[in-house]
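**Student:** Data: structure_27.txt, compact mmCIF, C-alpha atoms and all ligand atoms.
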# COMPACT_ATOMS: atom_id res chain seq x y z
CA MET A 17 0.00 0.00 0.00
CA GLU A 18 1.42 3.38 -1.02
CA PHE A 19 0.99 6.27 1.39
CA VAL A 20 1.20 9.55 -0.52
CA LEU A 21 1.09 13.19 0.63
CA ASP A 22 -1.55 15.43 -0.95
CA THR A 23 0.13 18.82 -0.69
CA ALA A 24 2.52 21.38 -2.15
CA ASP A 25 3.61 22.54 1.33
CA VAL A 26 7.36 21.91 1.17
CA ASN A 27 7.81 22.26 4.94
CA ALA A 28 5.17 19.59 5.61
CA ILE A 29 6.67 17.30 2.95
CA LYS A 30 10.14 17.71 4.48
CA ASP A 31 8.87 17.04 8.00
CA LEU A 32 6.64 14.03 7.22
CA ASN A 33 9.13 12.50 4.78
CA ASP A 34 11.67 12.51 7.60
CA PHE A 35 9.79 10.13 9.91
CA LEU A 36 7.22 8.35 7.75
CA THR A 37 7.48 6.10 4.70
CA ILE A 38 6.11 8.31 1.95
CA ALA A 39 5.62 6.88 -1.53
CA GLY A 40 5.19 10.24 -3.23
CA VAL A 41 3.38 13.56 -3.48
CA THR A 42 0.21 14.57 -5.33
CA THR A 43 -0.67 18.14 -6.22
CA ASN A 44 -3.46 19.79 -8.16
CA PRO A 45 -3.85 23.37 -9.42
CA THR A 46 -5.69 24.48 -6.25
CA ILE A 47 -3.10 22.86 -3.97
CA ILE A 48 -0.32 24.68 -5.85
CA THR A 49 -2.10 28.06 -5.58
CA LYS A 50 -2.18 27.60 -1.80
CA SER A 51 1.65 27.67 -1.77
CA HIS A 52 1.49 31.26 -3.12
CA LYS A 53 4.67 30.47 -5.04
CA ASP A 54 5.40 30.34 -8.74
CA PRO A 55 4.21 26.85 -9.85
CA GLU A 56 7.51 25.89 -11.48
CA THR A 57 9.41 26.98 -8.36
CA VAL A 58 7.27 24.95 -5.97
CA ILE A 59 7.40 21.84 -8.18
CA ALA A 60 11.20 22.17 -8.41
CA GLN A 61 11.36 22.42 -4.58
CA ILE A 62 9.22 19.29 -4.20
CA ILE A 63 11.41 17.42 -6.71
CA ASP A 64 14.49 18.37 -4.66
CA LEU A 65 12.90 16.90 -1.52
CA LEU A 66 11.92 13.58 -3.11
CA SER A 67 14.21 10.64 -3.79
CA PRO A 68 14.16 9.35 -7.38
CA GLU A 69 12.09 6.37 -6.15
CA GLN A 70 9.31 8.55 -4.76
CA LYS A 71 6.51 9.41 -7.16
CA LEU A 72 5.36 12.90 -8.11
CA PHE A 73 1.93 13.60 -9.55
CA VAL A 74 1.34 16.98 -11.24
CA GLN A 75 -1.95 17.97 -12.86
CA VAL A 76 -2.54 19.65 -16.20
CA VAL A 77 -4.35 23.02 -16.14
CA LYS A 78 -5.53 23.23 -19.73
CA THR A 79 -8.88 21.56 -20.44
CA ASP A 80 -8.93 20.94 -24.21
CA TYR A 81 -7.37 17.78 -25.67
CA GLU A 82 -4.49 19.50 -27.47
CA GLY A 83 -3.75 21.69 -24.45
CA ILE A 84 -3.82 18.72 -22.06
CA MET A 85 -1.41 16.80 -24.30
CA GLU A 86 0.93 19.78 -24.63
CA GLU A 87 1.11 20.13 -20.83
CA ALA A 88 1.23 16.37 -20.25
CA ARG A 89 4.31 16.01 -22.47
CA LYS A 90 6.06 18.82 -20.57
CA ILE A 91 5.05 17.58 -17.10
CA SER A 92 6.22 14.07 -17.95
CA GLN A 93 9.70 15.45 -18.65
CA LEU A 94 10.08 17.17 -15.25
CA ARG A 95 11.90 14.11 -13.84
CA PRO A 96 13.65 11.15 -15.44
CA LYS A 97 11.35 8.65 -13.69
CA ASN A 98 8.38 8.32 -11.35
CA MET A 99 6.68 11.35 -12.89
CA TYR A 100 2.92 11.07 -13.34
CA VAL A 101 0.56 13.44 -15.14
CA LYS A 102 -2.80 14.00 -13.49
CA ILE A 103 -5.63 14.39 -15.97
CA PRO A 104 -9.30 14.99 -15.03
CA VAL A 105 -11.74 12.45 -16.49
CA THR A 106 -13.56 14.77 -18.89
CA GLN A 107 -14.10 13.56 -22.46
CA ALA A 108 -10.96 15.46 -23.53
CA GLY A 109 -9.13 14.07 -20.50
CA LEU A 110 -10.10 10.48 -21.27
CA LYS A 111 -8.90 10.91 -24.86
CA ALA A 112 -5.61 12.38 -23.56
CA ILE A 113 -5.16 9.43 -21.16
CA LYS A 114 -5.42 7.08 -24.17
CA THR A 115 -2.82 9.09 -26.10
CA CYS A 116 -0.52 9.26 -23.07
CA ARG A 117 -0.66 5.47 -22.80
CA GLU A 118 0.34 5.21 -26.48
CA GLU A 119 3.22 7.68 -25.92
CA GLY A 120 4.44 5.98 -22.73
CA ILE A 121 3.47 8.90 -20.45
CA HIS A 122 2.38 7.78 -16.97
CA THR A 123 -1.02 9.12 -15.92
CA LEU A 124 -3.29 9.46 -12.95
CA ALA A 125 -6.95 9.93 -13.88
CA THR A 126 -8.34 12.46 -11.44
CA ALA A 127 -11.57 14.20 -10.37
CA ILE A 128 -13.31 10.82 -10.34
CA TYR A 129 -16.77 10.90 -8.74
CA SER A 130 -18.09 7.46 -9.69
CA ALA A 131 -16.91 3.88 -10.08
CA ALA A 132 -17.97 3.99 -13.74
CA GLN A 133 -15.73 6.97 -14.52
CA GLY A 134 -12.82 5.26 -12.83
CA PHE A 135 -13.40 2.00 -14.65
CA LEU A 136 -13.44 3.73 -18.06
CA ALA A 137 -10.22 5.65 -17.29
CA ALA A 138 -8.59 2.35 -16.31
CA ALA A 139 -9.70 0.82 -19.61
CA ASN A 140 -8.00 3.76 -21.39
CA GLY A 141 -4.72 2.85 -19.70
CA ALA A 142 -4.43 5.17 -16.70
CA ASP A 143 -1.80 3.99 -14.21
CA TYR A 144 -3.71 5.37 -11.24
CA LEU A 145 -7.29 6.47 -10.55
CA ALA A 146 -8.03 9.16 -7.97
CA PRO A 147 -11.60 8.97 -6.70
CA TYR A 148 -12.52 12.06 -4.67
CA THR A 149 -13.64 10.19 -1.57
CA ASN A 150 -14.97 12.99 0.64
CA ARG A 151 -16.47 14.97 -2.21
CA MET A 152 -18.25 11.76 -3.32
CA CYS A 153 -19.77 11.57 0.17
CA ASN A 154 -21.76 14.70 -0.79
CA TYR A 155 -23.57 12.59 -3.41
CA GLY A 156 -23.94 9.34 -1.46
CA ASP A 157 -21.73 6.65 0.03
CA GLY A 158 -18.29 7.89 -1.10
CA VAL A 159 -16.27 5.18 0.61
CA GLY A 160 -18.70 2.50 -0.66
CA GLU A 161 -18.37 3.77 -4.24
CA VAL A 162 -14.54 3.59 -4.04
CA VAL A 163 -14.80 0.01 -2.71
CA ARG A 164 -17.12 -0.78 -5.64
CA LEU A 165 -14.50 0.59 -8.05
CA LEU A 166 -11.84 -1.64 -6.42
CA GLU A 167 -14.07 -4.68 -6.87
CA MET A 168 -14.87 -3.83 -10.50
CA LEU A 169 -11.16 -3.47 -11.34
CA GLU A 170 -10.28 -6.70 -9.58
CA LYS A 171 -12.99 -8.66 -11.40
CA ALA A 172 -11.84 -7.17 -14.72
CA GLY A 173 -8.23 -8.14 -14.00
CA SER A 174 -7.13 -4.51 -14.36
CA GLN A 175 -3.56 -3.51 -13.46
CA THR A 176 -4.61 0.10 -12.74
CA LYS A 177 -4.15 1.17 -9.13
CA VAL A 178 -6.61 3.22 -7.14
CA ILE A 179 -5.14 6.11 -5.15
CA ALA A 180 -8.02 7.43 -3.11
CA ALA A 181 -7.94 11.23 -2.69
CA SER A 182 -9.94 14.08 -1.19
CA PHE A 183 -9.96 12.94 2.43
CA LYS A 184 -11.44 14.97 5.24
CA ASN A 185 -10.93 12.62 8.18
CA CYS A 186 -8.84 9.65 9.39
CA GLY A 187 -11.87 7.30 9.35
CA GLN A 188 -12.22 7.61 5.56
CA VAL A 189 -8.51 6.76 5.13
CA ASN A 190 -8.72 3.80 7.52
CA ASP A 191 -11.85 2.43 5.82
CA LEU A 192 -10.18 2.33 2.40
CA ILE A 193 -6.89 0.88 3.65
CA GLU A 194 -8.96 -1.81 5.37
CA ALA A 195 -10.75 -2.43 2.04
CA GLY A 196 -7.37 -3.22 0.44
CA ILE A 197 -6.82 -0.07 -1.60
CA GLN A 198 -3.47 0.17 -3.42
CA ALA A 199 -2.73 3.80 -2.43
CA VAL A 200 -4.07 6.79 -0.54
CA THR A 201 -3.09 10.43 -0.85
CA VAL A 202 -3.64 12.30 2.36
CA PRO A 203 -3.27 16.01 3.25
CA PRO A 204 -0.70 16.79 6.01
CA GLU A 205 -3.31 17.92 8.56
CA ILE A 206 -4.93 14.47 8.43
CA VAL A 207 -1.56 12.68 8.45
CA TYR A 208 -0.66 14.54 11.68
CA GLN A 209 -4.01 13.44 13.14
CA MET A 210 -3.22 9.83 12.17
CA VAL A 211 0.20 10.09 13.85
CA GLY A 212 -0.81 11.84 17.04
CA HIS A 213 -2.92 10.56 19.89
CA PRO A 214 -2.99 12.49 23.19
CA ALA A 215 -2.83 9.23 25.17
CA THR A 216 0.55 8.36 23.61
CA ALA A 217 2.15 11.52 25.01
CA ILE A 218 0.57 10.82 28.42
CA ALA A 219 1.96 7.26 28.39
CA VAL A 220 5.46 8.47 27.46
CA ASP A 221 5.39 11.12 30.22
CA GLU A 222 4.39 8.44 32.72
CA PHE A 223 7.30 6.16 31.67
CA SER A 224 9.78 9.05 32.07
CA GLU A 225 8.34 10.10 35.44
CA ASN A 226 8.45 6.58 36.92
CA TRP A 227 12.01 6.03 35.66
CA GLN A 228 13.19 9.35 37.06
CA LYS A 229 11.59 8.62 40.47
CA GLU A 230 13.16 5.18 40.75
CA TYR A 231 16.63 5.74 39.21
CA ASP A 232 17.02 9.51 39.50
CA ARG A 233 18.03 9.86 35.84
CA SER A 234 16.29 10.25 32.47
CA GLU A 235 18.26 7.75 30.38
CA PHE A 236 18.38 3.94 30.39
CA PHE A 237 22.17 3.53 30.88
CA LYS A 238 24.28 5.27 33.53
C1 LIG A 301 -5.57 14.78 -5.17
O1 LIG A 301 -5.13 14.07 -6.03
C2 LIG A 301 -6.84 15.52 -5.30
O2 LIG A 301 -6.69 16.48 -6.28
C3 LIG A 301 -7.22 16.10 -3.97
O3 LIG A 301 -7.19 15.09 -3.00
C4 LIG A 301 -8.58 16.80 -3.95
O4 LIG A 301 -8.84 17.15 -2.62
P1 LIG A 301 -10.02 18.15 -2.19
O5 LIG A 301 -11.31 17.45 -2.38
O6 LIG A 301 -9.74 18.43 -0.75
O7 LIG A 301 -9.89 19.39 -3.04
Could you quickly redo this structure as structure tokens?
**Tutor:**
Amino acid sequence: MEFVLDTADVNAIKDLNDFLTIAGVTTNPTIITKSHKDPETVIAQIIDLLSPEQKLFVQVVKTDYEGIMEEARKISQLRPKNMYVKIPVTQAGLKAIKTCREEGIHTLATAIYSAAQGFLAAANGADYLAPYTNRMCNYGDGVGEVVRLLEMLEKAGSQTKVIAASFKNCGQVNDLIEAGIQAVTVPPEIVYQMVGHPATAIAVDEFSENWQKEYDRSEFFK
């Protein structure tokens, strides 16, 4: 299971990449605008932070087929490997995903709101599918629809991976990991919630206090 960060916040990427096993970083146009930096600068900073084995997913901004392909070809060249182009599953986007597959450009089909959209993007050769889990919850059972997509792909023998996106709480992430999803992309604020539990800090304080009382020192060895 790949655990990916959904952010363009270089400080958060640096911090979380230091103590967690991070498979890569996803961005989208809105996420990049939140950095308030020039897009090419922020992407270059993220590339500097990632190892060549970690994946980077960058989304096209243009919406017509020719424009998507023009940007996809450029995005795919940003790194020698593990570079993925995110393309929304519009009609133009689906056509571009097919062309990218023919040209050997790795893609992530994004802005997926239904199992059917995801399934069709997989059939066109997308490497990853990003269903918008929380946003799908506004239309019904978001988590259930992602699980349905997983089952459809498995039954069809598809090699396409699902990287669930658009999370708003830890429960949604846990539910999909439990369902056997191949990848999740999670914003830093939710990752920090997954890491932290107030009771852990209380337990650690108690260990230190008891040790200090008994041995009058704070370390194991004298
Ligand atoms: C990532 O690939 C998606 O673009 C992102 O998770 C969307 O998240 P949002 O629903 O919070 O905008």
**Student:** Need the axis-aligned box for ligand LIG 301 (chain A) with 3 Å each side, so what are the centre and edges in Å to one decimal, as lines of an AutoDock Vina configuration file?
**Tutor:**
center_x = -8.2
center_y = 16.7
center_z = -3.5
size_x = 12.2
size_y = 11.3
size_z = 11.5
**Student:** Grab the CA of Pro55 (chain A) to CA of Pro104 (chain A) distance for me, in Å with one decimal place.
**Tutor:** 18.7 Å
**Student:** Which residues are near Tyr148 (chain A)? Cut-off 9 Å, all atoms listed in the file, ignore same chain within fewer than 4 positions. Put them as number ranges by chain.
**Tutor:** A: 126-130, 152-153, 158, 162, 180-183
**Student:** So that each row is one residue of region 152-211 of chain A with an atom at most 12 Å from region 61-77 of chain A, can you give its shortest atom pair and the distance in Å to one decimal, using only C-alpha atoms, rows by chain and rising number, as JSON lines?
**Tutor:**
{"residue": "A:Ile179", "atom": "CA", "partner": "A:Phe73", "partner_atom": "CA", "distance": 11.2}
{"residue": "A:Ala199", "atom": "CA", "partner": "A:Lys71", "partner_atom": "CA", "distance": 11.8}
{"residue": "A:Thr201", "atom": "CA", "partner": "A:Phe73", "partner_atom": "CA", "distance": 10.5}
**Student:** Which is closer to ligand LIG 301 (chain A) than all the others in A:Gln175, A:Gln228, A:Gln209, A:Thr23, using only C-alpha atoms and all ligand atoms?
**Tutor:** A:Thr23
**Student:** Using all atoms listed in the file, which residues sit within 9 Å of Asn140 (chain A) once same-chain residues fewer than 3 positions away are excluded, as a ChimeraX atom specification?
**Tutor:** /A:110-111,113-115,117,135-137
**Student:** Do you have the CA of Gly134 (chain A)-CA of Thr149 (chain A) distance handy?
**Tutor:**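 Interatomic distance here is 12.3 Å.
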**Student:** My list of candidates is A:Thr37, A:Gln133, A:Asn185, A:Asn44. Which is closest to ligand LIG 301 (chain A) when distances are computed with all atoms listed in the file?
**Tutor:**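 Under the stated criterion, the closest residue is A:Asn44.
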**Student:** Mind giving me the straight-line distance from CA of Leu32 (chain A) to CA of Lys97 (chain A) in Å, one decimal?
**Tutor:** 22.1 Å
**Student:** Select all residues near (0.1, 16.6, -20.8) (cut-off 12 Å, inclusive, file coordinates), counting only C-alpha atoms, and output them as an NGL selection string.
**Tutor:** :A and (73-94 or 99-104 or 108-117 or 119-125)
**Student:** Compare A:Asp25, A:Val220, A:Glu225, A:Gly156 by their minimum atom-to-atom distance to Glu205 (chain A), counting all atoms listed in the file, and give me the closest one.
**Tutor:** A:Asp25
